[in-house]
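J.: Just passing along the structure, written as structure tokens.
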Amino acid sequence: MARVIESRKACAVNPLKMSQPLGAAYAFMGLAQCMPLMHGSQGCTSFGLVLLVRHFKEAIPLQTSAMNEVTTILGGLENLESALLNIRKRAAPKLIAICSTGLTETKGDDVDGYLRLIRQRHPELADTELVYVSTPDYIGAFEDGWSKAVSALVRSLAREQVAKVDGRVNLLPGSHLTPADIDELREIIESFGLEVVVAPDMSGSLDGHIPEEWLGTTIGGTALEDLQNLGSAMASIAVGEQMRSAAMELEMRCGVPFEVFDRLTGLLPNDRFLQHLSQLSGRPVPAKYRRSRSQLLDAMLDGHFHFGQVKLAIGAEPDLLWAVGSLLQEMGAQLAVCVTTTQSMLLQQLPCEEVLIGDLEDMERLAAERGCELLLTHSHGRQMAERLGLPLYRIGMPLFDRIGNAHRLSVGYRGTRNLIFDIANLLADQTHQATPESWPLPEASRRAASVSPESHAEVSS
Amino acid sequence: MSATLKQKIAAVFEEPGCEKNQAKSEKDRKKGCSKQLTPGAAAGGCAFDGAKIALQPIVDVVHLVHGPIACEGNSWDNRHSASSGPMIYRTGFTTDINELDVVYGGEKRLFKAIREAIEKYDPPAVFVYQTCVTAMIGDDIEAVCKRATERFGKPVIPVNAPGFAGPKNLGNKLGAEALLDYVIGTQEPETTTPCDINIIGEYNLSGELWQVKPLLDALGIRILSCISGDGRYRDVASSHRARVNMMVCSKSMINVATRMQERYGIPYFEGSFYGISDMSDTLRQMARLLVQQGAGEDLLIRTEKLIRVEEARAWQRIQAYRQRLSGKRVLLITGGVKSWSVVSALQEAGMIVAGTSVKKSTREDKARIKEIMGDDAHMIDDMTPREMYKMLREARADIMLSGGRSQFVALKARMPWLDINQERHYAYAGYEGMVSLVNEIDKAVYNPVWLQVRTPAPWGEDSRFARAARSESERPARDGRAVVQSSDAVSPRMAEEVLGSESERPARDGRAGVQSSDAVSPRMAEEVSVPKSERAQTQAMTLLAGAQL
């Protein structure tokens with residue numbers, strides 16, 4: 001339905017987009033005892049680290065191969081080698097997950113080849129798994145980086161020949177799901193008596209908890225053995241279109257059939273989700289969720305008054321835009337402005353006229369032109385909201401001026417209900433009070449009602 | 001790297017104002033002053049980051065980053081450098097180059113981007129930042145900027161500090177070089193006064209400059225230009241007419257001060273706004289140099305009078321905290337100038353510095369620490385997060401002051417933490433700032449939340465926690481905190497014992513003062529700080545007692 005337009009500007013202003021390697025590194029945060037490593041200059045890591053720290057208010061393990069000009073030109077083998085050895089020595093992770101950056105991709109470092117060489121030279125690394133994903137900064141966006149990273153994990157770690165375990169399901173969440181979202185989905189799946197392996201699992205690693213000791217690596221997350229045994233599941237559930245490639249990879253590799261849920265925000269997608277789980281498990285939908293569904297219906301009824309014909313401007317990565325945008329459209333709002341970061345199969349299907357791959361400057365201009373009443377984007381929208389005098393509902397990443405981001409829930413019946421309440425309440429604050437001047441008569445009507453002789457003549461004639 | 005950039009870096013490494021640099025042999029000097037980074041064990045920003053930090057506080061210009069999305073998209077609008085007017089510096093501009101640009105070169109895109117930015121935002125100037133990828137593919141930003149300057153009739157300034165050139169500190173200097181080469185001395189101020197100064201290396205984080213400016217205003221000293229906090233392009237361009245330069249923040253922009261001395265004969269001094277005595281010294285030096293440069297001699301007397309009044313006012317306000325904070329042990333993890341300037345401030349409030357990191361400090365910084373702290377100076381060269389965590393866990397410090405990245409080391413050890421780096425939200429400069437800092441420390445240390453979060457669940461839920469603590473506590477009480485953790489395994493009888501022993505020992509501990517703080521005198525705190533293990537244990541027991549009650 002929607003036209004997808006790419007911005008033709010040479011200068012991106014107020015970027016909406018974040019880079020691919022950051023998305024990949026973020027995916028690696030959801031693995032247990034892992035040290036994510038960016039192969040690039042130390043700044044690449046430093047910026048990403050600060051961003052994730054500010055979003056989650058958590059310590060973020062992320063290392064760099066600290067490339068400088070000379071090592072870039074000569075090739076990064078030695079830097080990568082000493083980075084791996086140093087990490088092995090200092091943090092002893094089970095897994096070191098590497099992503100490339102714009103710098104090393106421009107040079108053309110053959111990291112796969114490097115890793116083979118390093119393996120040969122250093123038997124002391126034998127107890128450490130190495131995973132590599134190519135993620136140049138100048139292609140794609142955060143979501144693409146995440147998607148490629150998960151595919152790379154499946155490709156390099158999942159064993160092809162593993163015995164199937166009855167009742168085991170893989171959950172492959174997209175980058176737009178929070179730790180709370182993942183916890184909610186796990187609970188729903190487990191309520192059908194199924195065993196679930198989440199990959200990557202942010203719910204154990206970045207959910208904000210106090211560990212008992214200081215670890216240099218990630219804490220919680222998907223265990224390495226679970227990644228190796230992804231093939232043992234009877235089915236995979238992918239959430240977000242971005243996860244299709246990883247699910248497909250797993251099916252081709254290990255024969256695990258999959259189902260992609262392009263979103264789990266909204267009534268009908270969750271109906272389909274529960275129906276699917278019921279079929280997989282052969283059990284009826286638990287009473288708890290029947291009740292939960294009924295609560296959502298009520299929330300939609302109470303909420304729809306606030307959303308009817310409200311013009312929205314949304315700036316988000318494709319899967320998040322799809323999830324939130326579709327729900328709000330179903331509640332009666334109009335997606336007047338949709339701005340996103342990268343291409344996706346879903347963009348054309350969005351219930352709006354056009355989707356722009358652009359930045360927050362575009363969003364600001366269009367929101368003003370089209371008279372939008374509510375802005376939805378990440379925290380960088382705060383300046384825009386101030387300038388336009390419009391309310392901002394924060395979605396996506398980074399949310400550096402809010403706390404509790406790990407615990408924002410927007411999937412399942414319960415999460416959908418929360419989201420409707422939150423946004424409806426924000427809109428409720430914006431209600432304009434009527435004044436005696438709110439409904440002025442047009443000039444013609446006032447003239448008609450005046451007592452001048454001509455008007456009498458007009459009426460009588 | 002282009003030949004010009006290479007020369008520039010070599011020039012930056014040849015620093016007449018830096019004794020350490022001058023003491024090196026010709027050969028060593030060429031190697032520069034930054035240590036080689038260790039891959040896999042490095043933290044910190046790159047040269048581009050440093051250049052951006054140094055220049056972004058110029059608030060009325062467009063800061064355009066030429067590179068892939070990571071450089072700007074992952075980092076924009078993330079500092080609290082404040083502006084009293086224009087907000088354009090908080091707008092993120094980037095060429096966001098794509099794969100085709102990498103193949104065919106990004107110069108055309110850059111030129112177009114400059115045009116778009118000028119047409120839409122009409123800034124007095126555009127600063128163009130080079131990054132790794134565009135440097136690698138050979139984009140000549142100097143040439144593009146030169147062409148754009150001619151074409152659009154506006155200064156377009158190349159900032160050649162690609163990330164891979166080196167660390168953040170080098171980037172600060174390369175950013176400053178861009179000012180020296182293209183900005184400073186290109187315009188004339190409308191008026192000048194005999195009391196015009198430049199403040200160099202002050203970034204006005206959280207508005208700190210405004211804690212100092214009223215003092216200067218009162219003395220009739222005019223800030224001709226602040227490089228670069230709350231800076232305006234025109235002011236920086238005409239800053240060469242100042243009488244005196246003040247250099248803040250250690251050596252991050254020393255090249256601006258030394259080159260301006262060479263070129264325009266402006267004398268400079270190094271000063272700090274952090275700490276009461278440092279602030280006073282700064283005012284004195286400033287006045288003395290201005291008088292030397294021709295300002296009226298009355299400035300000296302007026303300065304002394306102002307110092308007397310303001311110091312007394314600050315002391316009076318800090319006095320209220322001094323009693324509560326005496327003997328509190330602070331772990332200071334920061335770099336450069338703050339490793340000593342904050343130390344004296346903390347000592348003024350009666351606190352003990354349990355350790356200060358000197359990783360990013362110069363030799364002079366270290367000498368200053370020695371001077372201030374004497375032989376007690378616990379200089380920490382390179383502390384891993386694990387070690388910091390252990391130190392806090394074992395209650396060898398009561399609060400950690402550091403940058404945002406290590407905050408969780410303290411918080412996860414359930415210890416107070418205060419942000420004193422770039423991303424902080426509070427202003428700590430001048431006499432005002434020191435009162436704020438002490439107030440913030442007091443607020444953090446005495447927050448009742450610490451008692452809450454250190455209370456273990458009564459049902460021993462944190463079992464792994466308890467197990468670790470138990471094995472610790474089997475060894476004779478070395479670690480007080482371990483007792484707190486293991487308390488979930490403590491039986492009522494044991495708790496009684498603990499409470500008993502506590503009641504025998506009257507509250508001597510400074511920390512026990514969470515509840516009875518007003519009873520603690522500095523002398524008592526001193527006494528307490530000697531037997532560390534005992535102190536920690538007492539504290540643990542007090543906490544336990546609190547939990548039981």
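Ordering of the structure tokens sets the chain letters (A, B, ...), residue numbers begin anew at 1 in every chain, and ligands are numbered from 1 in the order given.
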Give the residues of chain A that lie within 8 Å of chain B; count only C-alpha atoms, and format the answer as a ChimeraX atom specification.
T.: /A:9-19,37,41-44,46-48,50-51,53,57-59,63-69,79-80,82-87,102-103,106-107,137-139,210-212,214-216,380
J.: Which polymer residues have any atom within 9 Å of an atom of Asp144 (chain A), counting only C-alpha atoms, with same-chain residues fewer than 5 positions away left out, as a list in words?
T.: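 Counting only C-alpha atoms, the residues come to Ser19, Gln20, Gly23, Ala24, Thr135, Ile139, Ala149, Gln242 and Thr342 of chain A.
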J.: How about saving the chosen residues, N, CA and C atoms kept, as a PDB file, in the first residue's frame?
T.:
```
ATOM      1  N   SER A  19      24.347   2.404  13.538  1.00  0.00           N
ATOM      2  CA  SER A  19      25.118   1.612  12.588  1.00  0.00           C
ATOM      3  C   SER A  19      24.948   0.104  12.767  1.00  0.00           C
ATOM      4  N   GLN A  20      25.246  -0.613  11.687  1.00  0.00           N
ATOM      5  CA  GLN A  20      25.178  -2.084  11.670  1.00  0.00           C
ATOM      6  C   GLN A  20      26.015  -2.764  12.757  1.00  0.00           C
ATOM      7  N   GLY A  23      24.353  -2.851  16.058  1.00  0.00           N
ATOM      8  CA  GLY A  23      23.260  -3.816  16.130  1.00  0.00           C
ATOM      9  C   GLY A  23      23.792  -5.218  16.358  1.00  0.00           C
ATOM     10  N   ALA A  24      24.903  -5.539  15.675  1.00  0.00           N
ATOM     11  CA  ALA A  24      25.498  -6.866  15.818  1.00  0.00           C
ATOM     12  C   ALA A  24      26.047  -7.035  17.230  1.00  0.00           C
ATOM     13  N   THR A 135      29.927  -6.522   9.103  1.00  0.00           N
ATOM     14  CA  THR A 135      28.914  -5.472   9.243  1.00  0.00           C
ATOM     15  C   THR A 135      29.504  -4.090   8.965  1.00  0.00           C
ATOM     16  N   ILE A 139      26.693   0.403   5.209  1.00  0.00           N
ATOM     17  CA  ILE A 139      25.570  -0.328   4.622  1.00  0.00           C
ATOM     18  C   ILE A 139      24.573  -0.597   5.740  1.00  0.00           C
ATOM     19  N   ALA A 149      23.984 -10.763  12.612  1.00  0.00           N
ATOM     20  CA  ALA A 149      24.702 -11.376  13.730  1.00  0.00           C
ATOM     21  C   ALA A 149      24.031 -12.680  14.146  1.00  0.00           C
ATOM     22  N   GLN A 242      12.965  -9.093  10.436  1.00  0.00           N
ATOM     23  CA  GLN A 242      14.429  -9.157  10.425  1.00  0.00           C
ATOM     24  C   GLN A 242      14.960 -10.524  10.840  1.00  0.00           C
ATOM     25  N   THR A 342      16.058   1.736   7.144  1.00  0.00           N
ATOM     26  CA  THR A 342      16.617   0.784   6.183  1.00  0.00           C
ATOM     27  C   THR A 342      15.486   0.059   5.469  1.00  0.00           C
TER      28      THR A 342
END
```
J.: May I ask for the distance between CA of Pro214 (chain B) and CA of Arg322 (chain B), given in Å to one decimal place?
T.: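 Straight-line distance from CA of Pro214 (chain B) to CA of Arg322 (chain B) works out to 25.9 Å.
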J.: Can you tell me which residues surround Thr217 (chain A) at a distance of at most 10 Å, considering only C-alpha atoms, apart from same-chain residues fewer than 3 positions away, and format the answer as a list in words?
T.: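 Once the nearby chain positions are removed, what remains is Met29, Leu31, Ala32, Gln33, Cys34, Met35, Pro36, Ala59, Ile60, Pro61, Leu62, Ile87, Arg90, Ala91, Ala92, Pro93, Lys94, Leu95, Ile96, Trp214 and Gly220 of chain A.
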J.: Selected residues, N, CA and C atoms, written as a CSV table (one decimal), in the first residue's frame, please.
T.:
```csv
chain,number,residue,atom,x,y,z
A,29,MET,N,25.3,-9.2,23.0
A,29,MET,CA,25.1,-9.0,24.5
A,29,MET,C,24.1,-10.0,25.1
A,31,LEU,N,24.2,-13.2,24.7
A,31,LEU,CA,24.8,-14.5,24.8
A,31,LEU,C,25.6,-14.6,26.1
A,32,ALA,N,25.6,-15.8,26.7
A,32,ALA,CA,26.2,-16.0,28.0
A,32,ALA,C,27.7,-16.0,27.9
A,33,GLN,N,28.4,-15.4,28.9
A,33,GLN,CA,29.9,-15.5,29.0
A,33,GLN,C,30.5,-15.2,27.7
A,34,CYS,N,30.1,-14.1,27.1
A,34,CYS,CA,30.6,-13.7,25.8
A,34,CYS,C,31.3,-12.4,25.9
A,35,MET,N,32.3,-12.2,25.0
A,35,MET,CA,32.9,-10.8,24.9
A,35,MET,C,32.7,-10.4,23.5
A,36,PRO,N,31.8,-9.4,23.2
A,36,PRO,CA,31.7,-8.9,21.9
A,36,PRO,C,32.9,-8.0,21.6
A,59,ALA,N,26.5,-1.9,33.0
A,59,ALA,CA,27.8,-2.1,32.4
A,59,ALA,C,27.7,-2.9,31.1
A,60,ILE,N,28.4,-2.5,30.1
A,60,ILE,CA,28.4,-3.1,28.8
A,60,ILE,C,29.7,-3.7,28.5
A,61,PRO,N,29.9,-5.0,28.3
A,61,PRO,CA,31.1,-5.6,27.9
A,61,PRO,C,31.3,-5.4,26.4
A,62,LEU,N,32.2,-4.7,25.9
A,62,LEU,CA,32.4,-4.5,24.5
A,62,LEU,C,33.9,-4.1,24.3
A,87,ILE,N,41.8,-10.7,25.5
A,87,ILE,CA,40.5,-11.0,26.0
A,87,ILE,C,40.4,-12.4,26.7
A,90,ARG,N,42.3,-12.0,30.0
A,90,ARG,CA,41.7,-11.1,31.0
A,90,ARG,C,40.3,-11.5,31.4
A,91,ALA,N,39.5,-11.9,30.5
A,91,ALA,CA,38.1,-12.2,30.9
A,91,ALA,C,37.7,-13.6,30.7
A,92,ALA,N,38.5,-14.4,30.0
A,92,ALA,CA,38.2,-15.8,29.8
A,92,ALA,C,36.8,-16.1,29.4
A,93,PRO,N,36.3,-15.5,28.4
A,93,PRO,CA,34.9,-15.8,28.0
A,93,PRO,C,34.8,-17.1,27.2
A,94,LYS,N,33.6,-17.7,27.1
A,94,LYS,CA,33.5,-18.9,26.4
A,94,LYS,C,33.4,-18.6,24.9
A,95,LEU,N,33.0,-17.4,24.6
A,95,LEU,CA,32.8,-17.0,23.2
A,95,LEU,C,33.2,-15.6,23.0
A,96,ILE,N,34.0,-15.4,21.9
A,96,ILE,CA,34.3,-14.0,21.5
A,96,ILE,C,33.6,-13.8,20.2
A,214,TRP,N,31.7,-9.4,40.1
A,214,TRP,CA,32.0,-8.5,38.9
A,214,TRP,C,32.5,-9.4,37.8
A,220,GLY,N,24.4,-13.7,32.1
A,220,GLY,CA,23.1,-14.2,31.6
A,220,GLY,C,23.2,-14.4,30.1
```
J.: Nearest residue to Glu107 (chain B) out of B:Gly231, B:Gly138, B:Gly185, B:Gly275, using only C-alpha atoms?
T.: B:Gly138
J.: Which parts of region 12-41 of chain A does DSSP call strand (DSSP E or B) when run on the backbone here, written out as a list in words?
T.: Ala12, Val13, Leu31, Cys34, Met35, Pro36, Leu37, Met38 and His39 of chain A
J.: If you keep C-alpha atoms, can you produce a file of those selected residues as a PDB file, in the first residue's frame?
T.:
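File produced: again_19.pdb:
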```
ATOM      1  CA  ALA A  12      21.594  13.592   6.953  1.00  0.00           C
ATOM      2  CA  VAL A  13      20.433  15.885   9.747  1.00  0.00           C
ATOM      3  CA  LEU A  31      24.837 -14.507  24.798  1.00  0.00           C
ATOM      4  CA  CYS A  34      30.562 -13.701  25.767  1.00  0.00           C
ATOM      5  CA  MET A  35      32.855 -10.826  24.917  1.00  0.00           C
ATOM      6  CA  PRO A  36      31.687  -8.854  21.887  1.00  0.00           C
ATOM      7  CA  LEU A  37      34.556  -7.342  19.920  1.00  0.00           C
ATOM      8  CA  MET A  38      34.451  -4.652  17.262  1.00  0.00           C
ATOM      9  CA  HIS A  39      37.238  -4.931  14.729  1.00  0.00           C
TER      10      HIS A  39
END
```
J.: Figure out the distance between CA of Gly171 (chain B) and CA of Glu364 (chain B), please, to one decimal in Å.
T.: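 So the two atoms, CA of Glu364 (chain B) and CA of Gly171 (chain B), lie 20.8 Å apart.
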